[in-house]
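Asker: Contents are compact mmCIF, C-alpha atoms; file name start05.txt:
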# COMPACT_ATOMS: atom_id res chain seq x y z
CA MET A 1 -7.11 22.78 37.26
CA THR A 2 -7.07 20.46 34.24
CA ASN A 3 -10.62 19.89 33.12
CA LEU A 4 -11.55 16.22 32.83
CA THR A 5 -14.77 15.17 31.16
CA SER A 6 -15.07 11.42 31.82
CA ARG A 7 -18.10 10.28 33.76
CA ILE A 8 -17.39 10.10 37.50
CA LEU A 9 -18.42 7.10 39.56
CA GLU A 10 -18.31 7.06 43.36
CA PHE A 11 -17.58 4.16 45.68
CA ASP A 12 -16.89 3.61 49.37
CA ASP A 13 -13.37 2.27 48.81
CA ALA A 14 -10.86 0.85 46.34
CA SER A 15 -12.07 -2.75 46.67
CA GLN A 16 -15.54 -1.66 45.56
CA VAL A 17 -14.02 0.04 42.51
CA ILE A 18 -12.09 -3.10 41.65
CA GLU A 19 -15.17 -5.34 41.91
CA ASP A 20 -17.39 -2.91 40.04
CA TYR A 21 -14.97 -2.48 37.14
CA PHE A 22 -14.63 -6.28 36.89
CA GLY A 23 -18.39 -6.55 36.73
CA ARG A 24 -18.71 -3.98 33.96
CA GLY A 25 -16.15 -5.77 31.77
CA TRP A 26 -13.74 -2.86 32.02
CA THR A 27 -10.72 -4.98 32.91
CA ASP A 28 -8.51 -7.72 31.52
CA GLY A 29 -9.59 -10.01 34.34
CA LEU A 30 -6.95 -8.70 36.75
CA PRO A 31 -7.63 -6.10 39.47
CA ILE A 32 -7.13 -2.52 38.35
CA VAL A 33 -5.85 0.61 40.08
CA PRO A 34 -8.80 2.95 40.74
CA PRO A 35 -8.42 5.82 38.27
CA THR A 36 -8.86 8.97 40.35
CA GLN A 37 -8.91 12.42 38.84
CA ASP A 38 -5.66 13.39 40.59
CA LEU A 39 -3.80 10.39 39.17
CA VAL A 40 -5.15 11.01 35.67
CA ARG A 41 -4.03 14.66 35.84
CA GLU A 42 -0.59 13.59 37.02
CA PHE A 43 -0.27 11.28 34.00
CA LEU A 44 -1.39 13.96 31.56
CA ASP A 45 1.10 16.44 33.05
CA ALA A 46 3.93 13.90 32.74
CA ALA A 47 3.34 13.73 28.99
CA HIS A 48 2.45 17.42 28.56
CA ARG A 49 -0.91 16.42 27.08
CA SER A 50 -4.25 18.13 27.48
CA PRO A 51 -7.20 15.87 28.32
CA SER A 52 -8.95 16.64 25.07
CA ASP A 53 -5.92 16.04 22.83
CA VAL A 54 -6.90 13.43 20.27
CA ILE A 55 -4.41 10.58 20.46
CA GLY A 56 -6.03 8.64 17.65
CA ALA A 57 -9.21 7.22 16.19
CA GLU A 58 -10.53 3.75 15.47
CA PRO A 59 -12.88 4.46 12.57
CA THR A 60 -14.43 1.01 12.12
CA LYS A 61 -16.16 1.18 15.50
CA GLY A 62 -16.35 4.97 15.49
CA ARG A 63 -14.08 5.70 18.47
CA VAL A 64 -12.12 8.91 18.99
CA ILE A 65 -9.50 8.35 21.69
CA THR A 66 -8.44 11.29 23.80
CA ALA A 67 -5.41 11.68 26.03
CA GLU A 68 -7.73 11.66 29.03
CA LYS A 69 -9.10 8.22 28.17
CA VAL A 70 -5.64 6.79 27.53
CA ALA A 71 -4.53 8.20 30.89
CA VAL A 72 -7.50 6.66 32.72
CA ASN A 73 -6.61 3.25 31.31
CA ALA A 74 -2.90 3.72 32.01
CA VAL A 75 -3.68 4.49 35.65
CA MET A 76 -5.86 1.37 35.80
CA ALA A 77 -3.02 -0.70 34.38
CA GLY A 78 -0.74 0.28 37.23
CA CYS A 79 1.59 2.52 35.23
CA ARG A 80 3.67 5.24 36.81
CA PRO A 81 3.17 8.78 35.41
CA GLU A 82 6.57 8.71 33.68
CA TYR A 83 5.44 5.72 31.59
CA PHE A 84 2.55 7.67 30.09
CA PRO A 85 4.47 9.22 27.15
CA VAL A 86 5.32 5.69 25.97
CA VAL A 87 1.70 4.54 26.35
CA ALA A 88 0.29 7.57 24.53
CA THR A 89 2.74 7.20 21.66
CA ALA A 90 1.94 3.50 21.34
CA VAL A 91 -1.78 4.31 21.08
CA GLU A 92 -1.00 6.88 18.37
CA ALA A 93 0.91 4.17 16.52
CA MET A 94 -1.93 1.64 16.94
CA CYS A 95 -4.36 4.04 15.29
CA GLU A 96 -2.30 4.38 12.12
CA PRO A 97 -4.28 2.81 9.27
CA GLU A 98 -1.56 0.41 8.19
CA PHE A 99 -1.60 -1.29 11.59
CA ASN A 100 -5.25 -2.29 10.99
CA LEU A 101 -6.25 -2.03 14.65
CA HIS A 102 -9.88 -3.12 14.42
CA ALA A 103 -9.09 -6.24 12.41
CA ILE A 104 -6.23 -7.42 14.59
CA THR A 105 -8.28 -7.05 17.76
CA ALA A 106 -11.43 -8.70 16.39
CA SER A 107 -9.93 -11.55 14.40
CA THR A 108 -10.11 -15.24 15.28
CA MET A 109 -6.34 -15.34 14.69
CA GLY A 110 -5.88 -13.69 18.08
CA ALA A 111 -2.98 -11.23 17.91
CA ALA A 112 -1.47 -9.29 20.77
CA VAL A 113 0.17 -5.89 20.49
CA LEU A 114 3.89 -6.43 20.94
CA MET A 115 5.69 -3.22 21.88
CA VAL A 116 9.42 -2.77 21.35
CA VAL A 117 10.74 0.37 23.01
CA GLY A 118 14.10 1.90 22.14
CA GLY A 119 16.25 4.87 23.04
CA PRO A 120 17.04 6.69 26.30
CA VAL A 121 13.58 6.13 27.79
CA VAL A 122 14.40 2.43 28.22
CA SER A 123 16.90 3.02 31.01
CA GLU A 124 15.11 6.12 32.30
CA ILE A 125 11.98 4.18 33.22
CA GLY A 126 13.48 0.70 33.59
CA ILE A 127 12.10 -1.35 30.69
CA ASN A 128 13.59 -4.83 30.86
CA SER A 129 15.55 -6.20 27.92
CA GLY A 130 17.31 -9.04 29.70
CA VAL A 131 16.41 -12.07 31.79
CA SER A 132 12.84 -13.25 31.18
CA VAL A 133 12.25 -10.33 28.84
CA PHE A 134 8.79 -11.72 27.89
CA GLY A 135 7.97 -12.63 31.49
CA PRO A 136 6.70 -10.91 34.63
CA GLY A 137 8.53 -8.87 37.24
CA HIS A 138 9.30 -5.48 35.73
CA ARG A 139 6.70 -2.81 36.37
CA ALA A 140 7.35 -0.83 33.19
CA ASN A 141 7.08 -3.86 30.90
CA ALA A 142 4.07 -5.24 32.74
CA THR A 143 2.00 -2.08 33.01
CA ILE A 144 2.80 -0.32 29.73
CA GLY A 145 1.76 -3.40 27.77
CA ARG A 146 -1.29 -3.82 29.99
CA ALA A 147 -2.34 -0.20 29.44
CA ILE A 148 -2.48 -0.83 25.71
CA ARG A 149 -4.80 -3.81 26.20
CA LEU A 150 -7.09 -1.82 28.51
CA VAL A 151 -7.25 0.95 25.89
CA ILE A 152 -8.19 -1.67 23.30
CA ILE A 153 -10.93 -3.06 25.57
CA ASN A 154 -12.34 0.19 26.88
CA ALA A 155 -11.52 2.88 24.34
CA THR A 156 -11.86 0.94 21.09
CA GLY A 157 -14.59 -1.45 22.23
CA SER A 158 -12.79 -4.72 21.47
CA SER A 159 -13.52 -6.85 24.49
CA SER A 160 -13.01 -10.58 24.75
CA GLY A 161 -15.90 -12.68 23.47
CA GLU A 162 -17.76 -9.70 22.09
CA ILE A 163 -15.93 -7.94 19.28
CA ASP A 164 -12.71 -9.86 20.11
CA LYS A 165 -13.40 -13.37 18.77
CA ALA A 166 -9.91 -14.81 19.07
CA THR A 167 -10.11 -18.60 18.89
CA LEU A 168 -7.21 -19.07 21.30
CA GLY A 169 -5.45 -15.76 21.64
CA HIS A 170 -2.27 -15.97 23.72
CA PRO A 171 -0.87 -14.54 26.97
CA GLY A 172 0.79 -11.65 25.14
CA LYS A 173 -2.69 -10.15 24.99
CA TYR A 174 -2.42 -9.37 28.71
CA THR A 175 0.82 -7.46 28.20
CA TRP A 176 3.80 -7.67 25.87
CA CYS A 177 6.32 -4.87 26.14
CA MET A 178 10.06 -5.22 25.79
CA ALA A 179 13.24 -3.37 24.94
CA GLU A 180 16.27 -4.49 22.95
CA ASP A 181 19.56 -5.07 24.74
CA THR A 182 21.75 -2.47 23.06
CA ASN A 183 24.78 -3.42 25.17
CA VAL A 184 24.76 -6.99 23.88
CA SER A 185 23.69 -6.25 20.33
CA PRO A 186 26.42 -5.58 17.76
CA TRP A 187 23.87 -3.81 15.58
CA GLU A 188 21.78 -0.66 15.55
CA PRO A 189 18.45 -1.08 17.32
CA LEU A 190 15.17 -1.28 15.45
CA HIS A 191 14.21 2.39 15.74
CA VAL A 192 17.59 3.50 14.40
CA GLU A 193 17.27 1.02 11.55
CA ARG A 194 13.99 2.81 10.80
CA GLY A 195 15.53 6.25 10.58
CA LEU A 196 15.55 7.68 14.10
CA SER A 197 18.69 8.54 16.02
CA GLU A 198 20.05 6.63 18.99
CA ASN A 199 19.32 9.66 21.15
CA GLU A 200 15.65 9.57 20.28
CA SER A 201 13.22 7.31 22.11
CA ALA A 202 10.67 5.39 20.10
CA VAL A 203 8.10 2.65 20.33
CA THR A 204 7.38 0.10 17.60
CA ILE A 205 4.19 -1.91 17.71
CA PHE A 206 3.47 -5.25 16.04
CA ALA A 207 0.29 -7.30 15.77
CA ALA A 208 2.03 -10.42 16.99
CA LEU A 209 1.11 -14.06 17.40
CA SER A 210 2.69 -16.31 20.00
CA GLY A 211 6.40 -16.89 19.58
CA ILE A 212 8.12 -20.13 18.70
CA GLN A 213 11.17 -20.73 20.87
CA VAL A 214 14.25 -21.99 19.03
CA ALA A 215 16.86 -23.79 21.10
CA ASN A 216 20.40 -24.42 19.89
CA HIS A 217 23.12 -24.99 22.47
CA GLU A 218 25.42 -26.85 20.08
CA SER A 219 26.20 -24.61 17.13
CA GLU A 220 28.70 -21.81 17.11
CA SER A 221 28.54 -20.82 13.46
CA PRO A 222 25.89 -18.20 12.65
CA ARG A 223 24.68 -20.20 9.67
CA ASP A 224 24.18 -23.33 11.76
CA ILE A 225 22.35 -21.32 14.42
CA LEU A 226 20.01 -19.88 11.79
CA ASN A 227 19.53 -23.32 10.29
CA SER A 228 17.90 -24.38 13.54
CA PHE A 229 15.23 -21.75 12.88
CA ARG A 230 14.24 -23.56 9.70
CA ASP A 231 11.54 -25.84 11.06
CA GLY A 232 9.94 -23.03 13.03
CA MET A 233 9.94 -20.83 9.96
CA PHE A 234 8.29 -23.57 7.89
CA ALA A 235 5.70 -24.00 10.64
CA ILE A 236 4.52 -20.39 10.34
CA GLY A 237 4.01 -20.63 6.59
CA ALA A 238 5.18 -18.97 3.39
CA ARG A 239 5.47 -15.47 1.95
CA HIS A 240 5.28 -13.45 5.15
CA GLY A 241 5.15 -9.72 4.58
CA GLU A 242 6.80 -9.11 7.93
CA LEU A 243 7.97 -11.23 10.84
CA ASN A 244 10.28 -10.92 13.83
CA ILE A 245 13.08 -13.00 15.23
CA VAL A 246 14.57 -12.33 18.65
CA LEU A 247 18.18 -13.41 19.10
CA CYS A 248 19.36 -14.08 22.64
CA PRO A 249 22.77 -12.99 24.01
CA GLU A 250 24.31 -16.48 23.77
CA HIS A 251 23.48 -16.69 20.08
CA ILE A 252 24.47 -13.07 19.50
CA GLY A 253 27.93 -13.81 20.86
CA HIS A 254 28.56 -16.10 17.89
CA PHE A 255 27.24 -13.59 15.36
CA ARG A 256 29.43 -10.90 16.90
CA ALA A 257 32.50 -13.15 16.87
CA ALA A 258 31.95 -13.94 13.20
CA GLY A 259 31.44 -10.27 12.34
CA TRP A 260 27.96 -10.78 10.86
CA THR A 261 25.75 -7.85 9.97
CA LYS A 262 22.00 -7.73 10.54
CA ASN A 263 21.44 -7.88 6.79
CA GLN A 264 23.50 -11.08 6.59
CA VAL A 265 21.20 -12.59 9.21
CA LYS A 266 18.10 -11.61 7.21
CA GLN A 267 19.49 -12.83 3.89
CA THR A 268 20.76 -16.13 5.28
CA LEU A 269 17.56 -16.89 7.16
CA PHE A 270 15.52 -16.04 4.05
CA GLU A 271 17.60 -18.53 2.04
CA LEU A 272 17.56 -21.27 4.66
CA ALA A 273 13.79 -21.03 5.14
CA GLN A 274 13.09 -21.95 1.52
CA ARG A 275 11.60 -25.05 0.01
CA THR A 276 9.84 -25.86 -3.24
CA GLU A 277 6.27 -24.91 -3.96
CA ALA A 278 5.46 -28.63 -4.10
CA GLU A 279 6.95 -29.19 -0.64
CA TRP A 280 4.93 -26.28 0.78
CA ARG A 281 1.72 -27.68 -0.73
CA ALA A 282 2.47 -31.16 0.60
CA GLU A 283 2.58 -29.66 4.10
CA GLY A 284 -0.78 -27.96 3.62
CA GLN A 285 0.33 -24.46 2.64
CA VAL A 286 -2.25 -22.80 0.39
CA LEU A 287 -0.50 -21.16 -2.54
CA PRO A 288 -1.76 -19.63 -5.79
CA GLU A 289 -1.62 -21.94 -8.76
CA SER A 290 1.62 -21.77 -10.71
CA ASP A 291 3.29 -23.58 -13.62
CA ASP A 292 6.43 -24.31 -11.69
CA SER A 293 6.00 -26.41 -8.57
CA SER A 294 9.78 -26.65 -8.25
CA GLN A 295 10.21 -22.92 -7.65
CA MET A 296 11.76 -22.08 -4.31
CA ILE A 297 9.56 -20.12 -1.93
CA SER A 298 10.69 -18.74 1.42
CA THR A 299 8.85 -18.10 4.67
CA ALA A 300 9.52 -14.39 4.11
CA SER A 301 8.56 -12.72 0.85
CA LYS A 302 11.80 -10.75 1.02
CA PRO A 303 14.82 -10.86 3.35
CA GLU A 304 14.12 -7.32 4.51
CA ASN A 305 10.73 -8.45 5.78
CA ILE A 306 12.52 -10.16 8.68
CA ASN A 307 13.02 -7.89 11.70
CA VAL A 308 15.94 -8.93 13.88
CA LEU A 309 15.68 -7.99 17.56
CA VAL A 310 18.19 -8.67 20.33
CA ALA A 311 17.05 -9.39 23.88
CA GLY A 312 16.99 -11.97 26.65
CA GLY A 313 19.01 -13.24 29.57
CA ALA A 314 22.75 -13.84 29.36
CA ALA A 315 22.44 -17.57 29.97
CA GLY A 316 20.56 -20.00 27.74
CA ALA A 317 20.73 -20.41 23.98
CA PHE A 318 17.04 -19.81 23.32
CA SER A 319 15.92 -17.43 20.62
CA SER A 320 12.49 -16.89 19.13
CA ILE A 321 10.45 -16.51 15.95
CA ILE A 322 7.48 -14.18 16.37
CA PRO A 323 5.06 -14.28 13.44
CA LEU A 324 2.58 -11.49 12.88
CA TRP A 325 -1.13 -11.48 12.24
CA THR A 326 -2.02 -12.68 8.70
CA ALA A 327 1.65 -13.45 8.08
CA GLY A 328 2.39 -9.76 8.28
CA ASN A 329 0.42 -9.14 5.09
CA GLY A 330 -2.74 -7.59 6.58
CA THR A 331 -0.91 -5.41 9.09
CA ARG A 332 2.30 -3.37 9.15
CA SER A 333 4.34 -2.54 12.22
CA VAL A 334 4.48 1.16 13.12
CA THR A 335 7.40 3.01 14.70
CA LYS A 336 6.82 6.37 16.35
CA ARG A 337 9.13 8.75 18.12
CA ILE A 338 8.03 9.30 21.71
CA GLN A 339 6.93 12.83 22.56
CA PHE A 340 7.76 14.02 26.06
CA MET B 1 -22.33 12.31 62.49
CA THR B 2 -19.32 11.74 60.23
CA THR B 3 -19.75 11.79 56.49
CA ALA B 4 -17.54 9.16 54.89
CA THR B 5 -15.41 10.41 51.99
CA ARG B 6 -16.37 8.67 48.78
CA LEU B 7 -13.75 7.55 46.28
CA ALA B 8 -14.40 9.21 42.92
CA VAL B 9 -13.02 7.43 39.87
CA LEU B 10 -13.35 7.87 36.13
CA ASP B 11 -15.06 5.85 33.44
CA PRO B 12 -12.39 4.42 31.09
CA THR B 13 -14.72 3.72 28.18
CA VAL B 14 -15.27 5.65 24.97
CA GLU B 15 -18.69 5.75 23.36
CA PRO B 16 -18.94 5.38 19.60
CA ILE B 17 -19.65 8.60 17.75
CA PRO B 18 -23.29 8.66 16.69
CA ALA B 19 -23.73 6.69 13.50
CA HIS B 20 -24.58 8.69 10.43
CA ALA B 21 -25.71 5.61 8.58
CA VAL B 22 -29.32 5.60 7.51
CA VAL B 23 -31.10 2.31 7.05
CA ALA B 24 -31.61 1.79 3.31
CA GLN B 25 -35.15 1.84 2.03
CA ARG B 26 -36.48 -1.68 1.44
CA PRO B 27 -38.06 -2.42 -1.96
CA ASP B 28 -41.54 -3.97 -1.97
CA THR B 29 -40.33 -6.85 -4.10
CA LEU B 30 -37.13 -8.27 -5.57
CA ASP B 31 -38.83 -9.00 -8.92
CA GLY B 32 -37.03 -7.13 -11.68
CA LYS B 33 -34.27 -5.97 -9.37
CA VAL B 34 -30.49 -6.17 -9.74
CA ILE B 35 -29.20 -8.14 -6.75
CA GLY B 36 -25.67 -7.58 -5.53
CA LEU B 37 -23.88 -10.36 -3.67
CA LEU B 38 -20.75 -9.15 -1.86
CA ALA B 39 -18.59 -11.86 -0.30
CA ASN B 40 -16.15 -10.80 2.44
CA GLY B 41 -13.14 -12.76 1.17
CA LYS B 42 -13.50 -15.86 3.34
CA ARG B 43 -14.22 -19.10 1.48
CA ASN B 44 -17.56 -19.91 3.11
CA SER B 45 -18.83 -16.40 2.43
CA VAL B 46 -19.28 -17.19 -1.28
CA GLU B 47 -21.12 -20.44 -0.55
CA LEU B 48 -23.41 -18.70 1.91
CA LEU B 49 -24.34 -16.00 -0.58
CA GLU B 50 -24.93 -18.57 -3.32
CA ALA B 51 -27.27 -20.49 -1.03
CA ILE B 52 -29.16 -17.31 -0.12
CA SER B 53 -29.36 -16.33 -3.79
CA ASP B 54 -30.81 -19.75 -4.68
CA VAL B 55 -33.48 -19.46 -2.00
CA LEU B 56 -34.46 -15.98 -3.15
CA ALA B 57 -34.40 -17.00 -6.82
CA ASP B 58 -37.13 -19.53 -6.04
CA ARG B 59 -39.38 -16.72 -4.89
CA TYR B 60 -38.44 -13.83 -7.16
CA GLU B 61 -37.41 -13.17 -10.75
CA PHE B 62 -34.30 -10.98 -10.62
CA LYS B 63 -33.31 -8.71 -13.47
CA ALA B 64 -29.68 -9.63 -12.86
CA ILE B 65 -27.18 -10.77 -10.22
CA MET B 66 -23.89 -8.97 -9.63
CA ALA B 67 -21.59 -11.18 -7.57
CA ARG B 68 -18.38 -9.67 -6.22
CA ASN B 69 -15.82 -10.53 -3.58
CA LYS B 70 -14.07 -7.80 -1.59
CA GLY B 71 -11.18 -10.23 -1.28
CA ASN B 72 -9.87 -9.19 2.13
CA ALA B 73 -12.01 -9.92 5.15
CA SER B 74 -9.83 -7.68 7.29
CA ARG B 75 -10.30 -4.45 5.39
CA PRO B 76 -13.40 -2.41 4.51
CA CYS B 77 -14.80 -2.83 1.00
CA PRO B 78 -12.58 -0.87 -1.41
CA PRO B 79 -14.43 2.32 -2.37
CA PRO B 80 -14.35 1.69 -6.15
CA LEU B 81 -16.05 -1.68 -5.64
CA ALA B 82 -18.59 -0.18 -3.25
CA GLU B 83 -19.35 2.60 -5.73
CA GLU B 84 -19.65 0.19 -8.65
CA MET B 85 -22.13 -2.00 -6.80
CA ALA B 86 -24.08 0.95 -5.44
CA ALA B 87 -24.47 2.31 -8.96
CA GLU B 88 -25.66 -0.96 -10.49
CA CYS B 89 -27.59 -2.78 -7.76
CA ASP B 90 -31.01 -2.23 -6.23
CA VAL B 91 -30.11 -4.30 -3.16
CA ILE B 92 -26.83 -5.73 -1.94
CA ILE B 93 -26.47 -8.76 0.29
CA THR B 94 -23.18 -9.13 2.19
CA SER B 95 -21.95 -12.03 4.25
CA SER B 96 -19.23 -12.94 6.64
CA GLY B 97 -18.16 -16.53 6.19
CA ASP B 98 -15.28 -17.82 8.23
Re-express the file's structure as structure tokens.

Answerer:
Amino acid sequence: MTNLTSRILEFDDASQVIEDYFGRGWTDGLPIVPPTQDLVREFLDAAHRSPSDVIGAEPTKGRVITAEKVAVNAVMAGCRPEYFPVVATAVEAMCEPEFNLHAITASTMGAAVLMVVGGPVVSEIGINSGVSVFGPGHRANATIGRAIRLVIINATGSSSGEIDKATLGHPGKYTWCMAEDTNVSPWEPLHVERGLSENESAVTIFAALSGIQVANHESESPRDILNSFRDGMFAIGARHGELNIVLCPEHIGHFRAAGWTKNQVKQTLFELAQRTEAEWRAEGQVLPESDDSSQMISTASKPENINVLVAGGAAGAFSSIIPLWTAGNGTRSVTKRIQF
Amino acid sequence: MTTATRLAVLDPTVEPIPAHAVVAQRPDTLDGKVIGLLANGKRNSVELLEAISDVLADRYEFKAIMARNKGNASRPCPPPLAEEMAAECDVIITSSGD
């Protein structure tokens, strides 16, 4: 019998558990699934993890996060056991130093952890990449993202109003898990772009701010479509170290028809989202002093800093710009292959 | 009599590992001491430290002030800066100014 070491609490029934866990601040404000020992063991078995395996550490607040604790929170989130490998890998990724986990979960800027899952696991466990990809209704999307937030609250100690001082935050902090639509996309998915094979499953995490929806139902040329991103790009500021755009199927159809590559998208958007240093300053952007206020500065520091994702429903020409915490300069996204 | 079965569930929280930090010894006075002022990178942090320094300077005669700025509020103090200040200063005052 797998030996679990978490403190055991006893209640008369599930509703007592739900109320008690609310009261202790162990939830995201929504009811949780009571984390019984049997369920936790089932999750650990599904990922071939021992309870004491160290998934990661959050050194600023001195937390060592074991597989057992991640499993307890994944059960609470409403995950199925077969989702647990994705959750565990995402927590490993979150604990990588370049992600800067403590800062992004304490900061007034209020980032969520956006998870982009790729590879065979997407269809195996039913992660939505289509209609209402950022919205409710799909258990895998809803609960995998939620598990990450519960781990952040309970295992790293960043709870709302205490360590987590987000001024506004945004709803992605409840859950934000998606997949790319590889059937619609003419390009390799993100994890393949980052060196993994299509046959490998992976999760990429971002410290993401709320997205800006970009609507364009008129243009058919890729350049004109990207031009409609311009105002949104200016709104998020200059010299981003990393940012995401999500292109919907209707827009992708035009890029596919024109034979555009992903790199063309990045380069063109980089060029379109440029204006002079003087224009940036006039709109309130804080920039280091320079001798040349006519120099052109883009929203992205480099074209390759723009990640291009493909997802969304088949109808509706609505794409999105998703900026990252501190303009992607204080955090880096992390991609990890999922261990099964 | 029937004994009701209780529902046993697990605690999801992780306790911090015991801190190894020891509270620094306080000097009896700041007269003749080198005072370090370490701003956290946010703009009001510098102003706050300057105000604190002015108040203390009214009461004590420092040997010197070493003012530094760790530059990035979202990252720990870079070790070289921490080591430099630890080597030179008798006390260090930090601030978080948003």

Asker: Got a sec: who's within 8 Å of range 59-68 of chain A, counting all atoms listed in the file, leaving out chain neighbours fewer than 4 positions off, as a list of chain:residue names?

Answerer: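 So, after excluding close chain neighbours, the residues are A:Leu4, A:Ser6, A:Val40, A:Leu44, A:Arg49, A:Ser50, A:Pro51, A:Ser52, A:Asp53, A:Val54, A:Ile55, A:Val72, A:Ala88, A:His102, A:Ala155, A:Thr156, A:Gly157, B:Val14, B:Glu15, B:Pro16, B:Ile17, B:Pro18, B:Ala19.
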
Asker: Which distance in Å separates CA of Leu309 in chain A and CA of His191 in chain A, to one decimal?

Answerer: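 Spanning CA of Leu309 in chain A to CA of His191 in chain A is a straight-line distance of 10.6 Å.
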
Asker: Using all atoms listed in the file, can you tell me which of A:Ser228, A:Phe22, A:Val310, A:Gln16 comes closest to Ser129 in chain A?

Answerer: A:Val310

Asker: Expressed in Å to a single decimal, how great is the separation between CA of Glu304 in chain A and CA of Arg332 in chain A?

Answerer: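 Separating CA of Glu304 in chain A from CA of Arg332 in chain A is a distance of 13.3 Å.
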
Asker: Distance cut-off 9 Å, counting all atoms listed in the file - which residues of chain B neighbour chain A? Return them as a count of residues only.

Answerer: 21

Asker: Counting only C-alpha atoms, which of B:Pro80, B:Ala86, B:Ala57, B:Ser95 gets nearest to Arg43 in chain B?

Answerer: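 Smallest distance to Arg43 in chain B is found for B:Ser95.
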
Asker: Select, from A:Leu30, A:Ala57, A:Ile245, A:Ala207, the residue with the minimum atom-to-atom distance to Arg146 in chain A, counting all atoms listed in the file.

Answerer: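 Once distances to Arg146 in chain A are computed over all atoms listed in the file, the minimum belongs to A:Leu30.
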
Asker: Just need the box for range 279-282 of chain A, edges along x, y and z, holding every atom the file lists for it with 3 Å tacked onto each side, so centre and edge lengths in Å to one decimal, as JSON.

Answerer:
{"center_x": 4.3, "center_y": -28.7, "center_z": 0.0, "size_x": 11.2, "size_y": 10.9, "size_z": 7.5}

Asker: Which is closest to Asn227 in chain A among A:Glu193, A:Glu271, A:Glu250, A:Glu92, if we use all atoms listed in the file?

Answerer: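 So, comparing all the options, the nearest one is A:Glu271.
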
Asker: To one decimal place, how far is CA of Ile92 in chain B from CA of Arg59 in chain B in Å?

Answerer: 16.9 Å

Asker: Using only C-alpha atoms for the distances, tell me which of B:Ile65, B:Leu49, B:Cys77, B:Val55 is nearest to Ile93 in chain B.

Answerer: B:Leu49

Asker: Would you list the contacts of range 24-41 of chain B as a PyMOL selection string, taking every protein, DNA or RNA residue within 9 Å and counting only C-alpha atoms, but skipping same-chain residues closer than 3 positions in sequence?

Answerer: chain B and resi 21+44-50+53+56+59-74+77+85-86+88-98

Asker: Would you kindly return, as a list of chain:residue names, each protein, DNA or RNA residue with an atom no farther than 7 Å from any atom of range 163-176 of chain A, considering all atoms listed in the file and excluding same-chain residues fewer than 4 positions away?

Answerer: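 In the requested form, the answer reads A:Asp28, A:Thr105, A:Ala106, A:Ser107, A:Thr108, A:Met109, A:Gly110, A:Ala111, A:Ala112, A:Val113, A:Leu114, A:Met115, A:Phe134, A:Ala142, A:Gly145, A:Arg146, A:Arg149, A:Ser158, A:Ser159, A:Ser210.
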
Asker: Any idea what's packed within 8 Å of Gly78 in chain A, counting only C-alpha atoms, ignoring anything in its chain fewer than 5 positions away? Could you give it as a tab-separated table (two decimals) with C-alpha atoms, in the coordinates of the input?

Answerer:
chain	number	residue	atom	x	y	z
A	32	ILE	CA	-7.13	-2.52	38.35
A	33	VAL	CA	-5.85	0.61	40.08
A	143	THR	CA	2.00	-2.08	33.01
A	147	ALA	CA	-2.34	-0.20	29.44
